[in-house]
$ cat upload_23.tsv   # TSV, C-alpha atoms
chain	number	residue	atom	x	y	z
R	1	MET	CA	-1.66	41.19	42.09
R	2	ILE	CA	-3.80	43.70	40.21
R	3	SER	CA	-3.06	41.91	36.93
R	4	GLU	CA	-4.80	38.83	38.35
R	5	LEU	CA	-8.19	40.53	38.65
R	6	PRO	CA	-11.10	38.61	37.07
R	7	ARG	CA	-11.76	39.69	33.49
R	8	ASP	CA	-15.08	41.43	34.20
R	9	MET	CA	-13.55	43.40	37.07
R	10	ALA	CA	-10.49	44.29	34.99
R	11	GLU	CA	-12.73	45.57	32.18
R	12	GLU	CA	-14.67	47.68	34.70
R	13	VAL	CA	-11.47	49.29	35.99
R	14	LEU	CA	-9.80	49.80	32.61
R	15	SER	CA	-12.92	51.24	30.97
R	16	LYS	CA	-12.74	54.26	33.29
R	17	LEU	CA	-9.21	55.22	32.21
R	18	PRO	CA	-8.59	57.97	29.64
R	19	MET	CA	-7.75	56.61	26.21
R	20	THR	CA	-4.26	58.11	26.37
R	21	SER	CA	-3.49	55.75	29.31
R	22	LEU	CA	-4.33	52.57	27.39
R	23	ARG	CA	-0.87	52.36	25.85
R	24	GLY	CA	0.61	51.97	29.34
R	25	VAL	CA	-2.09	49.40	30.17
R	26	ARG	CA	-0.98	47.23	27.25
R	27	PHE	CA	2.56	47.14	28.57
R	28	THR	CA	1.42	46.11	32.07
R	29	CYS	CA	0.73	42.47	31.26
R	30	LYS	CA	-0.30	40.21	28.40
R	31	LYS	CA	-3.79	39.71	29.83
R	32	TRP	CA	-4.56	43.44	29.94
R	33	ASN	CA	-3.12	43.92	26.48
R	34	THR	CA	-5.55	41.29	25.16
R	35	ILE	CA	-8.53	42.79	27.03
R	36	SER	CA	-7.83	46.34	25.82
R	37	LYS	CA	-7.99	45.24	22.17
R	38	ASP	CA	-11.13	43.12	22.48
R	39	ARG	CA	-14.36	44.24	20.83
R	40	SER	CA	-16.45	43.73	23.99
R	41	PHE	CA	-14.10	45.99	25.94
R	42	THR	CA	-14.34	48.66	23.24
R	43	LYS	CA	-18.13	48.60	23.55
R	44	LYS	CA	-17.91	48.95	27.34
R	45	TYR	CA	-15.36	51.76	26.98
R	46	ARG	CA	-17.69	53.69	24.67
R	47	GLY	CA	-20.52	53.29	27.16
R	48	GLU	CA	-18.43	54.73	29.99
R	49	ALA	CA	-17.33	57.65	27.79
R	50	ALA	CA	-20.98	58.41	26.93
R	51	LYS	CA	-21.84	58.80	30.66
R	52	ARG	CA	-19.46	61.73	31.08
R	53	LYS	CA	-20.89	65.23	30.78
R	54	GLU	CA	-18.12	66.35	28.45
R	55	PHE	CA	-17.42	64.70	25.12
R	56	GLN	CA	-14.17	63.86	23.41
R	57	VAL	CA	-12.66	64.95	20.10
R	58	VAL	CA	-9.37	64.47	18.32
R	59	MET	CA	-7.49	67.68	17.68
R	60	MET	CA	-4.27	68.37	15.78
R	61	LEU	CA	-2.14	71.20	17.19
R	62	ASP	CA	1.51	71.97	16.52
R	63	TYR	CA	1.95	68.79	14.40
R	64	LYS	CA	0.76	66.56	17.25
R	65	VAL	CA	-2.56	64.75	17.75
R	66	TYR	CA	-4.38	65.13	21.06
R	67	LEU	CA	-7.45	63.63	22.65
R	68	MET	CA	-9.42	66.59	24.04
R	69	SER	CA	-12.21	66.80	26.60
R	70	VAL	CA	-14.83	69.40	25.67
R	71	ASN	CA	-17.29	71.05	28.05
R	72	PRO	CA	-18.92	73.87	26.05
R	73	VAL	CA	-21.28	75.25	28.71
R	74	ASP	CA	-21.04	77.62	31.67
R	75	PRO	CA	-20.03	78.24	34.35
R	76	SER	CA	-16.58	77.40	33.01
R	77	PRO	CA	-16.53	76.19	29.38
R	78	SER	CA	-13.31	74.36	28.67
R	79	ILE	CA	-11.38	72.40	26.09
R	80	GLU	CA	-8.70	70.45	27.91
R	81	PRO	CA	-6.16	67.92	26.63
R	82	ILE	CA	-6.69	64.47	28.11
R	83	GLY	CA	-3.31	63.63	26.66
R	84	LYS	CA	-1.24	63.36	23.54
R	85	LEU	CA	-1.88	60.28	21.42
R	86	VAL	CA	1.62	58.88	21.53
R	87	SER	CA	1.72	55.59	19.65
R	88	LEU	CA	3.34	57.34	16.67
R	89	ASP	CA	6.11	58.71	18.89
R	90	ASP	CA	7.62	55.45	20.09
R	91	ALA	CA	11.20	54.42	19.37
R	92	ALA	CA	10.40	53.24	15.84
R	93	HIS	CA	8.67	56.49	14.82
R	94	ASP	CA	10.50	59.08	16.91
R	95	GLY	CA	9.88	62.65	15.87
R	96	VAL	CA	6.91	62.02	13.55
R	97	LYS	CA	5.07	65.28	12.89
R	98	ILE	CA	1.50	65.20	11.60
R	99	LEU	CA	0.42	67.73	8.99
R	100	GLU	CA	-3.13	66.49	8.22
R	101	ILE	CA	-5.57	63.95	9.66
R	102	PHE	CA	-8.61	62.25	8.10
R	103	HIS	CA	-10.95	60.30	10.37
R	104	CYS	CA	-12.98	57.25	9.32
R	105	HIS	CA	-14.58	54.57	11.52
R	106	GLY	CA	-12.15	55.01	14.41
R	107	LEU	CA	-9.06	55.12	12.19
R	108	LEU	CA	-6.95	58.15	11.29
R	109	LEU	CA	-5.18	58.61	7.97
R	110	CYS	CA	-2.24	60.88	8.78
R	111	VAL	CA	-0.11	62.88	6.38
R	112	THR	CA	3.28	63.56	7.98
R	113	LYS	CA	5.34	66.70	7.57
R	114	GLU	CA	7.54	64.70	5.18
R	115	TYR	CA	4.39	63.96	3.08
R	116	ARG	CA	4.23	60.27	3.96
R	117	LEU	CA	1.03	58.36	4.72
R	118	VAL	CA	0.24	56.26	7.78
R	119	VAL	CA	-3.05	54.72	8.93
R	120	TRP	CA	-3.38	54.74	12.70
R	121	ASN	CA	-5.84	53.39	15.25
R	122	PRO	CA	-5.22	55.48	18.39
R	123	PHE	CA	-7.38	53.14	20.49
R	124	ASN	CA	-5.40	49.93	19.98
R	125	GLY	CA	-2.13	51.57	18.90
R	126	GLN	CA	-1.91	49.87	15.49
R	127	THR	CA	-0.23	51.67	12.59
R	128	ARG	CA	0.45	50.92	8.96
R	129	TRP	CA	2.67	52.97	6.69
R	130	ILE	CA	1.64	53.18	3.04
R	131	LYS	CA	4.27	53.30	0.34
R	132	PRO	CA	3.51	55.37	-2.79
R	133	ARG	CA	3.19	53.92	-6.26
R	134	ASP	CA	5.93	56.33	-7.33
R	135	PHE	CA	6.37	59.24	-4.92
R	136	TYR	CA	4.23	61.54	-2.79
R	137	SER	CA	4.02	65.28	-3.43
R	138	ARG	CA	3.25	68.17	-1.12
R	139	TYR	CA	0.43	69.10	-3.52
R	140	ASP	CA	-1.37	65.74	-3.29
R	141	ARG	CA	-4.72	65.55	-1.51
R	142	TYR	CA	-6.35	62.55	0.12
R	143	ALA	CA	-9.62	60.99	1.21
R	144	PHE	CA	-10.16	58.00	3.50
R	145	GLY	CA	-13.07	55.55	3.49
R	146	TYR	CA	-14.05	51.92	3.22
R	147	GLU	CA	-15.79	49.49	0.90
R	148	LYS	CA	-19.11	48.20	2.18
R	149	LYS	CA	-19.42	44.44	1.78
R	150	THR	CA	-21.79	42.07	3.54
R	151	LYS	CA	-23.07	42.77	7.03
R	152	PHE	CA	-20.74	40.24	8.64
R	153	SER	CA	-17.58	40.82	6.59
R	154	ARG	CA	-14.72	43.11	7.60
R	155	ARG	CA	-14.63	46.55	6.07
R	156	SER	CA	-12.04	47.10	3.39
R	157	HIS	CA	-10.41	50.48	4.01
R	158	LYS	CA	-9.10	52.50	1.08
R	159	VAL	CA	-7.25	55.75	0.40
R	160	LEU	CA	-8.12	58.05	-2.51
R	161	ARG	CA	-5.26	60.23	-3.75
R	162	PHE	CA	-5.64	63.39	-5.85
R	163	VAL	CA	-2.31	63.51	-7.69
R	164	ASN	CA	-0.62	66.93	-7.93
R	165	SER	CA	-3.98	68.65	-7.72
R	166	TYR	CA	-2.42	72.03	-6.84
R	167	TYR	CA	-0.69	72.41	-10.20
R	168	ARG	CA	-3.70	71.13	-12.12
R	169	ARG	CA	-6.16	73.50	-10.52
R	170	VAL	CA	-4.82	76.10	-12.97
R	171	ASN	CA	-6.90	74.49	-15.73
R	172	ARG	CA	-9.57	73.57	-13.19
R	173	GLN	CA	-9.36	69.80	-13.28
R	174	VAL	CA	-7.53	66.94	-11.64
R	175	LEU	CA	-6.25	64.63	-14.32
R	176	GLU	CA	-5.24	61.67	-12.21
R	177	PHE	CA	-6.66	59.80	-9.23
R	178	GLU	CA	-5.27	56.74	-7.44
R	179	ILE	CA	-6.82	54.35	-4.92
R	180	PHE	CA	-4.90	52.30	-2.39
R	181	SER	CA	-6.55	49.22	-0.88
R	182	LEU	CA	-5.28	48.13	2.52
R	183	ASN	CA	-6.61	44.62	1.77
R	184	SER	CA	-4.76	44.10	-1.50
R	185	ASN	CA	-1.79	46.31	-0.56
R	186	SER	CA	-1.82	47.93	-4.00
R	187	TRP	CA	-2.45	51.20	-5.84
R	188	LYS	CA	-4.52	51.52	-8.98
R	189	LEU	CA	-5.45	54.39	-11.28
R	190	VAL	CA	-9.06	55.61	-11.45
R	191	VAL	CA	-10.20	57.24	-14.67
R	192	VAL	CA	-12.30	60.36	-14.03
R	193	ASN	CA	-13.42	63.08	-16.43
R	194	PRO	CA	-14.82	65.61	-13.97
R	195	ASP	CA	-17.32	68.33	-14.82
R	196	TRP	CA	-16.47	69.94	-11.48
R	197	HIS	CA	-13.45	71.09	-9.54
R	198	ILE	CA	-12.56	71.16	-5.84
R	199	GLN	CA	-10.64	74.08	-4.35
R	200	TYR	CA	-7.36	72.94	-2.85
R	201	PHE	CA	-8.24	74.33	0.61
R	202	HIS	CA	-11.46	72.28	0.95
R	203	GLY	CA	-10.66	68.99	2.69
R	204	GLY	CA	-12.87	65.92	2.51
R	205	LEU	CA	-15.20	64.56	5.22
R	206	SER	CA	-15.81	60.84	5.74
R	207	ILE	CA	-19.37	59.71	6.59
R	208	LYS	CA	-20.35	56.02	6.67
R	209	GLY	CA	-17.33	55.04	4.60
R	210	ASN	CA	-17.81	57.64	1.84
R	211	THR	CA	-16.12	61.03	1.49
R	212	TYR	CA	-17.68	64.41	0.68
R	213	TRP	CA	-16.32	67.79	-0.46
R	214	PHE	CA	-17.51	71.20	-1.51
R	215	ALA	CA	-17.26	71.31	-5.30
R	216	GLU	CA	-17.88	73.87	-8.02
R	217	GLU	CA	-19.42	73.22	-11.39
R	218	LYS	CA	-17.18	74.00	-14.33
R	219	LEU	CA	-18.28	77.19	-16.02
R	220	ALA	CA	-19.49	77.36	-19.60
R	221	PRO	CA	-17.79	80.14	-21.63
R	222	GLN	CA	-20.78	82.49	-21.24
R	223	GLU	CA	-21.18	81.94	-17.46
R	224	THR	CA	-19.52	84.13	-14.83
R	225	THR	CA	-21.01	82.89	-11.52
R	226	GLU	CA	-19.76	79.69	-9.98
R	227	ARG	CA	-22.28	77.49	-8.21
R	228	ARG	CA	-21.40	75.48	-5.12
R	229	PHE	CA	-22.40	71.85	-4.57
R	230	LEU	CA	-21.68	68.84	-2.39
R	231	LEU	CA	-19.77	66.02	-4.08
R	232	GLY	CA	-19.43	62.47	-2.75
R	233	PHE	CA	-17.04	59.61	-3.52
R	234	ASN	CA	-18.29	56.04	-3.09
R	235	PHE	CA	-15.44	53.78	-1.95
R	236	THR	CA	-17.46	50.65	-2.75
R	237	THR	CA	-18.01	51.50	-6.42
R	238	GLU	CA	-14.83	53.60	-6.52
R	239	SER	CA	-16.64	56.42	-8.28
R	240	PHE	CA	-17.80	60.00	-7.76
R	241	GLY	CA	-21.51	60.67	-7.47
R	242	PRO	CA	-23.48	63.53	-9.02
R	243	LEU	CA	-23.25	67.12	-7.80
R	244	LEU	CA	-25.63	67.43	-4.84
R	245	PRO	CA	-27.49	70.53	-3.61
R	246	LEU	CA	-26.37	72.55	-0.61
R	247	PRO	CA	-28.91	74.25	1.69
R	248	PHE	CA	-27.74	77.68	0.52
R	249	CYS	CA	-26.43	79.55	-2.51
R	250	GLY	CA	-23.18	81.41	-2.06
R	251	PRO	CA	-20.62	83.10	-4.31
R	252	TYR	CA	-16.89	82.51	-4.24
R	253	GLY	CA	-15.38	84.09	-1.13
R	254	ASP	CA	-17.98	82.89	1.37
R	255	LYS	CA	-16.48	80.93	4.26
R	256	MET	CA	-17.63	77.30	4.25
R	257	SER	CA	-16.70	74.21	6.23
R	258	LEU	CA	-17.91	70.60	6.70
R	259	SER	CA	-18.18	68.51	9.84
R	260	SER	CA	-19.82	65.25	10.92
R	261	VAL	CA	-22.56	64.59	13.46
R	262	ARG	CA	-22.08	61.22	15.20
R	263	GLU	CA	-20.37	60.00	12.01
R	264	GLU	CA	-23.83	59.70	10.46
R	265	GLN	CA	-24.83	63.14	9.15
R	266	ILE	CA	-23.12	66.13	7.60
R	267	ALA	CA	-23.06	69.57	9.22
R	268	VAL	CA	-22.29	72.49	6.90
R	269	LEU	CA	-21.22	75.95	8.03
R	270	LEU	CA	-21.58	79.17	6.04
R	271	GLN	CA	-20.31	82.66	6.85
R	272	LYS	CA	-21.10	85.07	4.02
R	273	SER	CA	-18.27	87.40	3.13
R	274	ASP	CA	-20.54	90.34	2.28
R	275	ALA	CA	-22.87	90.13	5.30
R	276	PRO	CA	-22.37	93.13	7.65
R	277	ALA	CA	-23.37	91.06	10.69
R	278	CYS	CA	-20.84	88.30	9.89
R	279	THR	CA	-23.64	85.79	10.51
R	280	LEU	CA	-22.72	82.13	10.96
R	281	ASN	CA	-25.28	79.61	9.68
R	282	ILE	CA	-25.24	75.87	10.39
R	283	TRP	CA	-27.34	73.20	8.66
R	284	ILE	CA	-27.42	69.43	9.34
R	285	SER	CA	-28.41	66.81	6.79
R	286	SER	CA	-31.40	64.55	7.41
R	287	LYS	CA	-30.17	61.96	4.91
R	288	VAL	CA	-26.93	61.70	2.99
R	289	GLY	CA	-25.29	59.38	0.46
R	290	PRO	CA	-23.02	59.80	-2.58
R	291	SER	CA	-26.10	59.88	-4.84
R	292	GLY	CA	-28.41	62.11	-2.80
R	293	VAL	CA	-28.76	64.45	0.18
R	294	SER	CA	-31.61	66.18	2.01
R	295	TRP	CA	-31.33	68.92	4.62
R	296	ASN	CA	-33.11	69.78	7.84
R	297	LYS	CA	-34.14	73.36	8.48
R	298	LEU	CA	-31.48	75.80	9.71
R	299	PHE	CA	-29.87	74.39	12.88
R	300	LEU	CA	-28.26	77.57	14.20
R	301	ALA	CA	-27.73	81.19	13.08
R	302	VAL	CA	-25.56	83.57	15.09
R	303	GLU	CA	-24.60	87.19	14.35
R	304	MET	CA	-20.91	87.45	15.18
R	305	ASN	CA	-20.51	91.25	15.11
R	306	PRO	CA	-21.66	91.82	18.71
R	307	PHE	CA	-18.78	89.56	19.82
R	308	THR	CA	-16.08	89.85	17.18
R	309	ASN	CA	-15.72	90.98	13.57
R	310	PHE	CA	-13.32	88.11	12.94
R	311	GLN	CA	-13.82	86.34	9.62
R	312	PHE	CA	-13.06	82.64	9.70
R	313	VAL	CA	-10.62	81.26	7.15
R	314	ASN	CA	-11.57	78.67	4.53
R	315	TYR	CA	-8.33	76.75	4.57
R	316	SER	CA	-7.75	76.58	8.32
R	317	SER	CA	-11.15	76.41	9.99
R	318	SER	CA	-12.84	73.29	11.32
R	319	PHE	CA	-15.72	72.79	13.73
R	320	PHE	CA	-17.89	70.26	15.53
R	321	VAL	CA	-21.49	70.32	16.71
R	322	ASP	CA	-23.08	69.45	20.05
R	323	VAL	CA	-26.63	68.73	18.88
R	324	LYS	CA	-28.10	68.23	22.36
R	325	LYS	CA	-26.84	71.56	23.67
R	326	LYS	CA	-27.35	73.24	20.27
R	327	MET	CA	-23.82	74.57	20.24
R	328	VAL	CA	-20.98	74.78	17.77
R	329	VAL	CA	-17.28	74.79	18.63
R	330	PHE	CA	-15.20	76.40	15.90
R	331	ILE	CA	-11.40	75.99	15.73
R	332	ASP	CA	-9.38	78.61	13.88
R	333	MET	CA	-6.51	81.06	14.12
R	334	ASN	CA	-6.83	84.47	15.71
R	335	LEU	CA	-5.13	86.88	13.30
R	336	GLY	CA	-2.98	84.00	12.11
R	337	THR	CA	-1.01	83.80	15.36
R	338	ARG	CA	-2.97	81.83	18.00
R	339	ASN	CA	-4.98	78.61	17.91
R	340	MET	CA	-8.40	79.52	19.29
R	341	ALA	CA	-11.72	77.82	19.99
R	342	TYR	CA	-14.94	79.80	19.62
R	343	ILE	CA	-17.95	78.31	21.44
R	344	ILE	CA	-21.19	79.58	19.90
R	345	GLY	CA	-24.79	78.87	20.89
R	346	GLU	CA	-28.31	80.17	21.10
R	347	ASN	CA	-29.37	83.36	22.92
R	348	ARG	CA	-26.13	85.18	22.04
R	349	TYR	CA	-23.94	82.63	23.81
R	350	PHE	CA	-20.29	83.20	22.86
R	351	LYS	CA	-17.09	82.11	24.60
R	352	THR	CA	-13.46	81.87	23.52
R	353	VAL	CA	-10.83	79.39	24.68
R	354	ASP	CA	-7.14	79.92	23.95
R	355	LEU	CA	-5.71	76.56	22.89
R	356	GLU	CA	-2.17	77.85	23.46
R	357	GLY	CA	0.74	77.29	21.15
R	358	LEU	CA	1.61	79.51	18.21
R	359	ALA	CA	-0.13	78.76	14.92
R	360	LYS	CA	1.99	77.07	12.27
R	361	VAL	CA	1.96	78.36	8.71
R	362	ASP	CA	1.83	74.84	7.23
R	363	GLY	CA	0.13	73.13	10.17
R	364	TRP	CA	-3.41	74.43	10.67
R	365	PRO	CA	-5.42	73.42	13.75
R	366	THR	CA	-7.85	70.62	12.97
R	367	VAL	CA	-10.61	68.99	14.98
R	368	CYS	CA	-12.87	66.01	14.34
R	369	SER	CA	-15.29	63.90	16.33
R	370	TYR	CA	-13.86	60.58	17.44
R	371	VAL	CA	-15.37	57.29	18.58
R	372	PRO	CA	-12.94	54.58	19.78
R	373	SER	CA	-12.92	51.46	17.63
R	374	SER	CA	-11.35	48.01	17.99
R	375	VAL	CA	-11.11	47.62	14.20
R	376	ARG	CA	-7.87	45.95	13.16
R	377	ILE	CA	-5.77	47.51	10.41
R	378	ASN	CA	-4.99	45.05	7.63
R	379	GLN	CA	-1.24	44.70	7.42
R	380	ALA	CA	0.80	44.01	4.30
R	381	ALA	CA	2.15	40.46	4.10
R	382	PRO	CA	5.46	40.55	2.19
R	383	PRO	CA	7.73	37.50	2.07
R	384	GLY	CA	9.50	36.98	5.38
R	385	LYS	CA	9.13	39.13	8.46
R	386	GLN	CA	9.28	42.84	7.91
R	387	LYS	CA	8.78	45.65	10.40
R	388	ASN	CA	6.09	48.20	9.71
R	389	THR	CA	8.39	51.23	9.42
R	390	PRO	CA	8.04	54.48	7.52
R	391	PRO	CA	8.74	54.12	3.76
$ encode --input "upload_23.tsv" --output "structure tokens"
Amino acid sequence: MISELPRDMAEEVLSKLPMTSLRGVRFTCKKWNTISKDRSFTKKYRGEAAKRKEFQVVMMLDYKVYLMSVNPVDPSPSIEPIGKLVSLDDAAHDGVKILEIFHCHGLLLCVTKEYRLVVWNPFNGQTRWIKPRDFYSRYDRYAFGYEKKTKFSRRSHKVLRFVNSYYRRVNRQVLEFEIFSLNSNSWKLVVVNPDWHIQYFHGGLSIKGNTYWFAEEKLAPQETTERRFLLGFNFTTESFGPLLPLPFCGPYGDKMSLSSVREEQIAVLLQKSDAPACTLNIWISSKVGPSGVSWNKLFLAVEMNPFTNFQFVNYSSSFFVDVKKKMVVFIDMNLGTRNMAYIIGENRYFKTVDLEGLAKVDGWPTVCSYVPSSVRINQAAPPGKQKNTPP
């Protein structure tokens, strides 16, 4: 029987399967279920994925999360679904719709359409629903990271919650922050007196366990021009760092977005609103931490007018970078109706890929780099046996 293959041979076979097939593998037999969740298998699986010409990303479309294969170069650039990540759609969680995703260290923090929180490892299928301290709001915002302990200890994942930030942006401050620790299974308040504010449409980006946003310095009464910065949150010290410089200066209205490069560096995109050529500029950090950042020279600059006069949208756009091919894949809506991918590179390279499916008003397309991880999600341990079901 195929389930009786030696372990090394079974790992060789299973490592060549798409990640969306691993759920079926785990139901085949107990032995394969154990192998697919082992750290050595995860390492082998990553190695096989790295040999492929295309690379893989996680993309959210139409309230569902997909693993996508990306080949950005000619003769036929493509972005194809390998499959839908289905472990949230089993009998226990039927009909779950995902509104937002935040990626950190192989885990996804998902905000559902009902504004509930669940942490999910698509690679091993684990989930954990997080109950609120009081209640969740549609205006809450979130960040996902982990506490860095010793080299050999397990990472302690945490969720940062901006409470009702939409209402409080009127007076340009968020008055309340909460942190949830998956280790202690508890929420706690964090006291912050910010001298900055974060626009509600700028989501956070997790790099090496910390999260970063675009932020704006609070204006003094005599000032009229807002300055843009990078702001980091350290999940180990549970504190915000200082305002950090960006590689450009831009007024309110410029289109900006953040992305990660191999989960190690930050890529920042700028499209100036008043530039007649609609030029896109991309920079990549050389070093980044909550207390400091340095930038490499300009990675890519492309004039968009020869191809399209489309202006990307702050609150819907996301992108990822292929450093080796010096290309950027930008995900956005075309006139607010279609989910589109724009593949942009040097020497006036420009291609579009229709991702199909109508755009959703409250469900913007999102993309992030993804590296499979065997990390186990710490589960709550209440008295007696209790199923991990939505709160």
$ atom_distance --input "upload_23.tsv" --atom1 "atom CA of Phe177 of chain R" --atom2 "atom CA of Thr237 of chain R"
14.3 Å
$ axis_aligned_box --input "upload_23.tsv" --around "segment 277-282 of chain R" --padding-each-side "5 Å" --output "lines of an AutoDock Vina configuration file"
center_x = -23.1
center_y = 83.5
center_z = 10.3
size_x = 14.4
size_y = 25.2
size_z = 11.3
$ atom_distance --input "upload_23.tsv" --atom1 "atom CA of Leu298 of chain R" --atom2 "atom CA of Ile282 of chain R"
6.3 Å
$ closest_residue --input "upload_23.tsv" --among "R:Asn296, R:Ser184, R:Ser286, R:Ser369" --to "Phe319 of chain R" --atoms "all atoms listed in the file"
R:Ser369
$ residues_around --input "upload_23.tsv" --residues "Asn185 of chain R" --least-positions-apart "2" --cutoff "12 Å" --atoms "only C-alpha atoms" --output "JSON, numbers by chain"
{"R": [128, 129, 130, 131, 132, 133, 156, 157, 158, 159, 179, 180, 181, 182, 183, 187, 188, 377, 378, 379, 380, 381, 382]}
$ residues_near_point --input "upload_23.tsv" --point "(-21.6, 67.5, -11.1)" --cutoff "7 Å" --atoms "all atoms listed in the file" --output "PyMOL selection string"
chain R and resi 195-196+217+242-243
$ closest_residue --input "upload_23.tsv" --among "R:Thr127, R:Ile79, R:Glu238, R:Cys29" --to "Ile343 of chain R" --atoms "all atoms listed in the file"
R:Ile79
$ residues_near_point --input "upload_23.tsv" --point "(-0.3, 65.3, -3.9)" --cutoff "7 Å" --atoms "all atoms listed in the file" --output "count of residues only"
10
$ atom_distance --input "upload_23.tsv" --atom1 "atom CA of Val13 of chain R" --atom2 "atom CA of Pro372 of chain R"
17.1 Å
$ residues_around --input "upload_23.tsv" --residues "Val191 of chain R" --least-positions-apart "6" --cutoff "10 Å" --atoms "only C-alpha atoms" --output "MDAnalysis selection string"
chainID R and resid 175:178 239
$ residues_around --input "upload_23.tsv" --residues "Val371 of chain R" --least-positions-apart "6" --cutoff "10 Å" --atoms "all atoms listed in the file" --output "MDAnalysis selection string"
chainID R and resid 42 46 49 56:58 103:107 123 262:263
$ residues_around --input "upload_23.tsv" --residues "Leu280 of chain R" --least-positions-apart "2" --cutoff "8 Å" --atoms "all atoms listed in the file" --output "ChimeraX atom specification"
/R:269-272,278,282,300-304
$ write_last_selection --input "upload_23.tsv" --atoms "C-alpha atoms" --output "PDB file, keeping the file's coordinate frame"
ATOM      1  CA  LEU R 269     -21.220  75.950   8.030  1.00  0.00           C
ATOM      2  CA  LEU R 270     -21.580  79.170   6.040  1.00  0.00           C
ATOM      3  CA  GLN R 271     -20.310  82.660   6.850  1.00  0.00           C
ATOM      4  CA  LYS R 272     -21.100  85.070   4.020  1.00  0.00           C
ATOM      5  CA  CYS R 278     -20.840  88.300   9.890  1.00  0.00           C
ATOM      6  CA  ILE R 282     -25.240  75.870  10.390  1.00  0.00           C
ATOM      7  CA  LEU R 300     -28.260  77.570  14.200  1.00  0.00           C
ATOM      8  CA  ALA R 301     -27.730  81.190  13.080  1.00  0.00           C
ATOM      9  CA  VAL R 302     -25.560  83.570  15.090  1.00  0.00           C
ATOM     10  CA  GLU R 303     -24.600  87.190  14.350  1.00  0.00           C
ATOM     11  CA  MET R 304     -20.910  87.450  15.180  1.00  0.00           C
TER      12      MET R 304
END
$ decode --input "upload_23.tsv" --residues "segment 118-161 of chain R" --atoms "C-alpha atoms" --output "PDB file, in the first residue's frame"
ATOM      1  CA  VAL R 118      -9.088  33.585  14.052  1.00  0.00           C
ATOM      2  CA  VAL R 119      -5.409  32.624  13.820  1.00  0.00           C
ATOM      3  CA  TRP R 120      -4.773  30.069  11.092  1.00  0.00           C
ATOM      4  CA  ASN R 121      -1.822  28.034   9.858  1.00  0.00           C
ATOM      5  CA  PRO R 122      -2.759  27.045   6.285  1.00  0.00           C
ATOM      6  CA  PHE R 123       0.155  24.591   6.101  1.00  0.00           C
ATOM      7  CA  ASN R 124      -0.844  22.308   8.979  1.00  0.00           C
ATOM      8  CA  GLY R 125      -4.522  23.291   9.102  1.00  0.00           C
ATOM      9  CA  GLN R 126      -4.530  24.511  12.717  1.00  0.00           C
ATOM     10  CA  THR R 127      -6.897  27.291  13.772  1.00  0.00           C
ATOM     11  CA  ARG R 128      -7.623  29.172  16.952  1.00  0.00           C
ATOM     12  CA  TRP R 129     -10.535  31.534  17.461  1.00  0.00           C
ATOM     13  CA  ILE R 130      -9.918  34.515  19.740  1.00  0.00           C
ATOM     14  CA  LYS R 131     -12.684  35.797  21.953  1.00  0.00           C
ATOM     15  CA  PRO R 132     -12.826  39.565  22.614  1.00  0.00           C
ATOM     16  CA  ARG R 133     -12.391  41.141  26.021  1.00  0.00           C
ATOM     17  CA  ASP R 134     -15.795  42.761  25.518  1.00  0.00           C
ATOM     18  CA  PHE R 135     -16.867  42.869  21.865  1.00  0.00           C
ATOM     19  CA  TYR R 136     -15.320  43.449  18.445  1.00  0.00           C
ATOM     20  CA  SER R 137     -16.255  46.423  16.281  1.00  0.00           C
ATOM     21  CA  ARG R 138     -16.171  46.903  12.533  1.00  0.00           C
ATOM     22  CA  TYR R 139     -13.959  49.953  13.158  1.00  0.00           C
ATOM     23  CA  ASP R 140     -11.250  48.046  15.055  1.00  0.00           C
ATOM     24  CA  ARG R 141      -7.849  47.555  13.423  1.00  0.00           C
ATOM     25  CA  TYR R 142      -5.289  44.865  14.112  1.00  0.00           C
ATOM     26  CA  ALA R 143      -1.620  43.925  13.936  1.00  0.00           C
ATOM     27  CA  PHE R 144      -0.040  40.484  14.311  1.00  0.00           C
ATOM     28  CA  GLY R 145       3.444  39.645  15.581  1.00  0.00           C
ATOM     29  CA  TYR R 146       5.412  37.700  18.141  1.00  0.00           C
ATOM     30  CA  GLU R 147       7.584  38.182  21.197  1.00  0.00           C
ATOM     31  CA  LYS R 148      11.232  37.311  20.684  1.00  0.00           C
ATOM     32  CA  LYS R 149      12.591  35.200  23.531  1.00  0.00           C
ATOM     33  CA  THR R 150      15.692  33.018  23.577  1.00  0.00           C
ATOM     34  CA  LYS R 151      16.993  31.361  20.434  1.00  0.00           C
ATOM     35  CA  PHE R 152      15.649  27.950  21.402  1.00  0.00           C
ATOM     36  CA  SER R 153      12.292  28.935  22.914  1.00  0.00           C
ATOM     37  CA  ARG R 154       8.991  28.981  21.052  1.00  0.00           C
ATOM     38  CA  ARG R 155       7.773  32.312  19.757  1.00  0.00           C
ATOM     39  CA  SER R 156       4.913  33.870  21.655  1.00  0.00           C
ATOM     40  CA  HIS R 157       2.433  35.233  19.121  1.00  0.00           C
ATOM     41  CA  LYS R 158       0.353  38.281  19.990  1.00  0.00           C
ATOM     42  CA  VAL R 159      -2.421  40.413  18.490  1.00  0.00           C
ATOM     43  CA  LEU R 160      -2.510  44.207  18.826  1.00  0.00           C
ATOM     44  CA  ARG R 161      -5.970  45.767  18.617  1.00  0.00           C
TER      45      ARG R 161
END
